[in-house]
>>> print(open('run-v9.pdb').read())   # PDB, C-alpha atoms and all ligand atoms
MODEL        1
ATOM      1  CA  MET A 153      37.735   4.981 -36.367
ATOM      2  CA  PRO A 154      37.521   3.076 -33.156
ATOM      3  CA  ILE A 155      38.829   4.535 -29.985
ATOM      4  CA  TYR A 156      39.904   1.990 -27.459
ATOM      5  CA  GLU A 157      40.743   2.377 -23.848
ATOM      6  CA  TYR A 158      44.059   1.106 -22.694
ATOM      7  CA  GLN A 159      45.825   0.772 -19.434
ATOM      8  CA  CYS A 160      49.537   0.961 -19.052
ATOM      9  CA  GLU A 161      50.973  -2.027 -17.286
ATOM     10  CA  THR A 162      53.886  -0.011 -16.094
ATOM     11  CA  CYS A 163      52.212   2.917 -14.416
ATOM     12  CA  ASN A 164      48.565   1.845 -14.588
ATOM     13  CA  LYS A 165      47.683   4.972 -16.449
ATOM     14  CA  LYS A 166      44.444   4.665 -18.343
ATOM     15  CA  PHE A 167      44.159   6.397 -21.643
ATOM     16  CA  GLU A 168      42.229   6.329 -24.836
ATOM     17  CA  PHE A 169      43.881   5.637 -28.112
ATOM     18  CA  LEU A 170      42.594   6.139 -31.583
ATOM     19  CA  VAL A 171      43.553   3.065 -33.510
ATOM     20  CA  ARG A 172      44.572   3.735 -37.046
ATOM     21  CA  GLY A 173      46.010   0.999 -39.156
ATOM     22  CA  SER A 174      48.883  -0.622 -37.407
ATOM     23  CA  ASP A 175      49.453   2.096 -34.886
ATOM     24  CA  ARG A 176      50.373   0.762 -31.528
ATOM     25  CA  PRO A 177      49.260   2.481 -28.379
ATOM     26  CA  ILE A 178      51.895   3.976 -26.193
ATOM     27  CA  CYS A 179      51.349   5.205 -22.712
ATOM     28  CA  PRO A 180      51.194   9.015 -22.710
ATOM     29  CA  ALA A 181      52.511   9.142 -19.201
ATOM     30  CA  CYS A 182      55.588   6.980 -19.339
ATOM     31  CA  ALA A 183      55.810   6.143 -23.039
ATOM     32  CA  GLY A 184      55.649   2.505 -22.150
ATOM     33  CA  GLU A 185      54.595   0.031 -24.759
ATOM     34  CA  LYS A 186      53.269  -2.517 -22.337
ATOM     35  CA  VAL A 187      49.647  -1.636 -22.473
ATOM     36  CA  ARG A 188      46.580  -3.746 -22.492
ATOM     37  CA  ARG A 189      43.258  -2.968 -23.968
ATOM     38  CA  LEU A 190      40.419  -2.563 -21.564
ATOM     39  CA  MET A 191      36.953  -3.700 -22.230
ATOM     40  CA  SER A 192      35.062  -0.742 -23.474
ATOM     41  CA  ARG A 193      32.114   0.474 -21.545
ATOM     42  CA  CYS A 194      30.211  -0.335 -24.673
ATOM     43  CA  GLY A 195      28.428  -3.611 -24.442
ATOM     44  CA  PHE A 196      28.179  -3.671 -20.728
ATOM     45  CA  ILE A 197      25.288  -1.314 -20.709
ATOM     46  CA  SER A 198      22.469  -2.920 -22.565
ATOM     47  CA  LYS A 199      21.885  -6.167 -20.852
ATOM     48  CA  GLY A 200      18.188  -6.041 -20.445
ATOM     49  CA  SER A 201      16.299  -8.062 -17.971
ATOM     50  CA  GLY A 202      15.593 -11.482 -19.349
ATOM     51  CA  GLY A 203      18.886 -11.697 -21.130
ATOM     52  CA  GLU A 204      17.741  -9.951 -24.250
ATOM     53  CA  THR A 205      20.484  -8.436 -26.245
ATOM     54  CA  VAL A 206      19.825  -5.152 -27.909
ATOM     55  CA  ARG A 207      21.521  -4.875 -31.210
ATOM     56  CA  ALA A 208      21.950  -2.083 -33.640
ATOM     57  CA  SER A 209      20.124  -3.395 -36.628
ATOM     58  CA  ALA A 210      19.681  -0.641 -39.165
ATOM     59  CA  GLY A 211      23.341   0.022 -39.603
ATOM     60  CA  THR A 212      23.129   3.195 -37.640
ATOM     61  CA  SER A 213      26.277   2.815 -35.696
ATOM     62  CA  SER A 214      26.373   5.860 -33.536
ATOM     63  CA  CYS A 215      29.047   4.097 -31.624
ATOM     64  CA  THR A 216      32.240   3.269 -33.422
ATOM     65  CA  GLY A 217      33.671   1.113 -30.721
ATOM     66  CA  CYS A 218      30.853  -1.324 -30.308
ATOM     67  CA  SER A 219      27.766  -2.587 -32.006
ATOM     68  CA  SER A 220      25.383  -1.183 -29.493
ATOM     69  CA  SER A 221      23.186   1.721 -30.471
ATOM     70  CA  SER A 222      22.480   2.700 -26.920
ATOM     71  CA  CYS A 223      25.868   3.152 -25.480
ATOM     72  CA  ALA A 224      26.401   5.678 -22.773
ATOM     73  CA  GLY A 225      30.117   5.512 -23.189
ATOM     74  CA  CYS A 226      30.197   6.793 -26.710
ATOM     75  CA  GLY A 227      28.766  10.230 -26.206
ATOM     76  CA  SER A 228      25.795   9.773 -28.467
ATOM     77  CA  SER A 229      23.638  11.927 -26.271
TER      78      SER A 229
HETATM   79 ZN    ZN A 301      52.627   4.235 -18.372
ENDMDL
END
>>> encode(input="run-v9.pdb", output="structure tokens", more="lines below")
Ligand SMILES: [Zn+2]
Amino acid sequence: MPIYEYQCETCNKKFEFLVRGSDRPICPACAGEKVRRLMSRCGFISKGSGGETVRASAGTSSCTGCSSSSCAGCGSS
């Protein structure tokens, strides 16, 4: 199940939310529903020199939030 990072537009609180089905994230601080999803840290990491994109190929998705196998933001280490 993917965990996304959200930021509340009301109080700017950042929080992580486990998305299940049609659940909608609600700010844990102010219970506001105006939240926007932040770009995960996943995907930013592996931009190698030369513009090569590293992709997880063998279906070993250690990271549920992105398709990168070497993602420091997903606690694979
Ligand atoms: Zn809030």
>>> residues_near_ligand(input="run-v9.pdb", ligand="ligand ZN 301 (chain A)", cutoff="10 Å", atoms="only C-alpha atoms and all ligand atoms", output="list in words")
Gln159, Cys160, Glu161, Thr162, Cys163, Asn164, Lys165, Lys166, Phe167, Ile178, Cys179, Pro180, Ala181, Cys182, Ala183, Gly184, Glu185, Lys186 and Val187 of chain A
>>> residues_around(input="run-v9.pdb", residues="Tyr156 in chain A", least_positions_apart="6", cutoff="7 Å", atoms="only C-alpha atoms", output="ChimeraX atom specification")
/A:168-170,189,192
>>> write_last_selection(input="run-v9.pdb", atoms="C-alpha atoms", output="tab-separated table (two decimals), in the frame of the given file")
chain	number	residue	atom	x	y	z
A	168	GLU	CA	42.23	6.33	-24.84
A	169	PHE	CA	43.88	5.64	-28.11
A	170	LEU	CA	42.59	6.14	-31.58
A	189	ARG	CA	43.26	-2.97	-23.97
A	192	SER	CA	35.06	-0.74	-23.47
>>> residues_near_point(input="run-v9.pdb", point="(43.9, 4.5, -33.5)", cutoff="7 Å", atoms="all atoms listed in the file", output="list in words")
Met153, Pro154, Ile155, Phe169, Leu170, Val171, Arg172, Gly173 and Asp175 of chain A
>>> write_last_selection(input="run-v9.pdb", atoms="C-alpha atoms", output="PDB file, in the frame of the given file")
ATOM      1  CA  MET A 153      37.735   4.981 -36.367  1.00  0.00           C
ATOM      2  CA  PRO A 154      37.521   3.076 -33.156  1.00  0.00           C
ATOM      3  CA  ILE A 155      38.829   4.535 -29.985  1.00  0.00           C
ATOM      4  CA  PHE A 169      43.881   5.637 -28.112  1.00  0.00           C
ATOM      5  CA  LEU A 170      42.594   6.139 -31.583  1.00  0.00           C
ATOM      6  CA  VAL A 171      43.553   3.065 -33.510  1.00  0.00           C
ATOM      7  CA  ARG A 172      44.572   3.735 -37.046  1.00  0.00           C
ATOM      8  CA  GLY A 173      46.010   0.999 -39.156  1.00  0.00           C
ATOM      9  CA  ASP A 175      49.453   2.096 -34.886  1.00  0.00           C
TER      10      ASP A 175
END
>>> build_atoms(input="run-v9.pdb", residues="range 159-193 of chain A", atoms="N, CA and C atoms", output="CSV table (one decimal), in the frame of the given file")
chain,number,residue,atom,x,y,z
A,159,GLN,N,45.2,0.5,-20.7
A,159,GLN,CA,45.8,0.8,-19.4
A,159,GLN,C,47.3,0.3,-19.5
A,160,CYS,N,48.1,1.2,-19.1
A,160,CYS,CA,49.5,1.0,-19.1
A,160,CYS,C,49.9,0.0,-17.9
A,161,GLU,N,50.6,-1.0,-18.3
A,161,GLU,CA,51.0,-2.0,-17.3
A,161,GLU,C,52.1,-1.6,-16.4
A,162,THR,N,52.8,-0.5,-16.9
A,162,THR,CA,53.9,0.0,-16.1
A,162,THR,C,53.5,1.0,-15.0
A,163,CYS,N,52.6,1.9,-15.4
A,163,CYS,CA,52.2,2.9,-14.4
A,163,CYS,C,50.7,2.9,-14.2
A,164,ASN,N,50.0,2.0,-14.8
A,164,ASN,CA,48.6,1.8,-14.6
A,164,ASN,C,47.8,3.0,-15.1
A,165,LYS,N,48.4,3.8,-15.9
A,165,LYS,CA,47.7,5.0,-16.4
A,165,LYS,C,46.7,4.5,-17.5
A,166,LYS,N,45.5,5.0,-17.4
A,166,LYS,CA,44.4,4.7,-18.3
A,166,LYS,C,44.4,5.8,-19.4
A,167,PHE,N,44.2,5.4,-20.6
A,167,PHE,CA,44.2,6.4,-21.6
A,167,PHE,C,43.4,5.8,-22.8
A,168,GLU,N,42.9,6.7,-23.6
A,168,GLU,CA,42.2,6.3,-24.8
A,168,GLU,C,43.1,6.5,-26.0
A,169,PHE,N,43.0,5.6,-27.0
A,169,PHE,CA,43.9,5.6,-28.1
A,169,PHE,C,43.1,5.4,-29.4
A,170,LEU,N,43.3,6.3,-30.3
A,170,LEU,CA,42.6,6.1,-31.6
A,170,LEU,C,43.4,5.2,-32.5
A,171,VAL,N,42.8,4.1,-32.8
A,171,VAL,CA,43.6,3.1,-33.5
A,171,VAL,C,43.4,3.3,-35.0
A,172,ARG,N,44.6,3.5,-35.6
A,172,ARG,CA,44.6,3.7,-37.0
A,172,ARG,C,45.6,2.8,-37.7
A,173,GLY,N,45.1,1.9,-38.5
A,173,GLY,CA,46.0,1.0,-39.2
A,173,GLY,C,46.8,0.2,-38.2
A,174,SER,N,48.1,0.2,-38.3
A,174,SER,CA,48.9,-0.6,-37.4
A,174,SER,C,49.5,0.2,-36.3
A,175,ASP,N,48.9,1.3,-36.0
A,175,ASP,CA,49.5,2.1,-34.9
A,175,ASP,C,49.4,1.3,-33.6
A,176,ARG,N,50.4,1.4,-32.8
A,176,ARG,CA,50.4,0.8,-31.5
A,176,ARG,C,50.3,1.8,-30.4
A,177,PRO,N,49.4,1.5,-29.5
A,177,PRO,CA,49.3,2.5,-28.4
A,177,PRO,C,50.5,2.6,-27.5
A,178,ILE,N,50.8,3.8,-27.1
A,178,ILE,CA,51.9,4.0,-26.2
A,178,ILE,C,51.4,4.8,-25.0
A,179,CYS,N,51.8,4.5,-23.9
A,179,CYS,CA,51.3,5.2,-22.7
A,179,CYS,C,51.8,6.7,-22.8
A,180,PRO,N,50.9,7.6,-22.6
A,180,PRO,CA,51.2,9.0,-22.7
A,180,PRO,C,51.9,9.5,-21.5
A,181,ALA,N,51.9,8.7,-20.4
A,181,ALA,CA,52.5,9.1,-19.2
A,181,ALA,C,54.0,8.7,-19.1
A,182,CYS,N,54.2,7.5,-19.5
A,182,CYS,CA,55.6,7.0,-19.3
A,182,CYS,C,56.2,6.4,-20.6
A,183,ALA,N,55.4,6.6,-21.7
A,183,ALA,CA,55.8,6.1,-23.0
A,183,ALA,C,56.1,4.6,-23.1
A,184,GLY,N,55.5,3.9,-22.2
A,184,GLY,CA,55.6,2.5,-22.2
A,184,GLY,C,54.8,1.8,-23.2
A,185,GLU,N,55.3,0.8,-23.7
A,185,GLU,CA,54.6,0.0,-24.8
A,185,GLU,C,53.8,-1.2,-24.2
A,186,LYS,N,54.0,-1.4,-23.0
A,186,LYS,CA,53.3,-2.5,-22.3
A,186,LYS,C,51.9,-2.0,-21.9
A,187,VAL,N,51.0,-2.1,-22.8
A,187,VAL,CA,49.6,-1.6,-22.5
A,187,VAL,C,48.7,-2.8,-22.8
A,188,ARG,N,47.6,-2.8,-22.1
A,188,ARG,CA,46.6,-3.7,-22.5
A,188,ARG,C,45.3,-3.0,-22.7
A,189,ARG,N,44.5,-3.6,-23.6
A,189,ARG,CA,43.3,-3.0,-24.0
A,189,ARG,C,42.2,-3.3,-23.0
A,190,LEU,N,41.5,-2.3,-22.5
A,190,LEU,CA,40.4,-2.6,-21.6
A,190,LEU,C,39.1,-2.8,-22.3
A,191,MET,N,38.3,-3.5,-21.7
A,191,MET,CA,37.0,-3.7,-22.2
A,191,MET,C,36.2,-2.4,-22.2
A,192,SER,N,35.8,-2.0,-23.4
A,192,SER,CA,35.1,-0.7,-23.5
A,192,SER,C,33.8,-0.8,-22.6
A,193,ARG,N,33.4,0.4,-22.2
A,193,ARG,CA,32.1,0.5,-21.5
A,193,ARG,C,31.0,0.0,-22.4
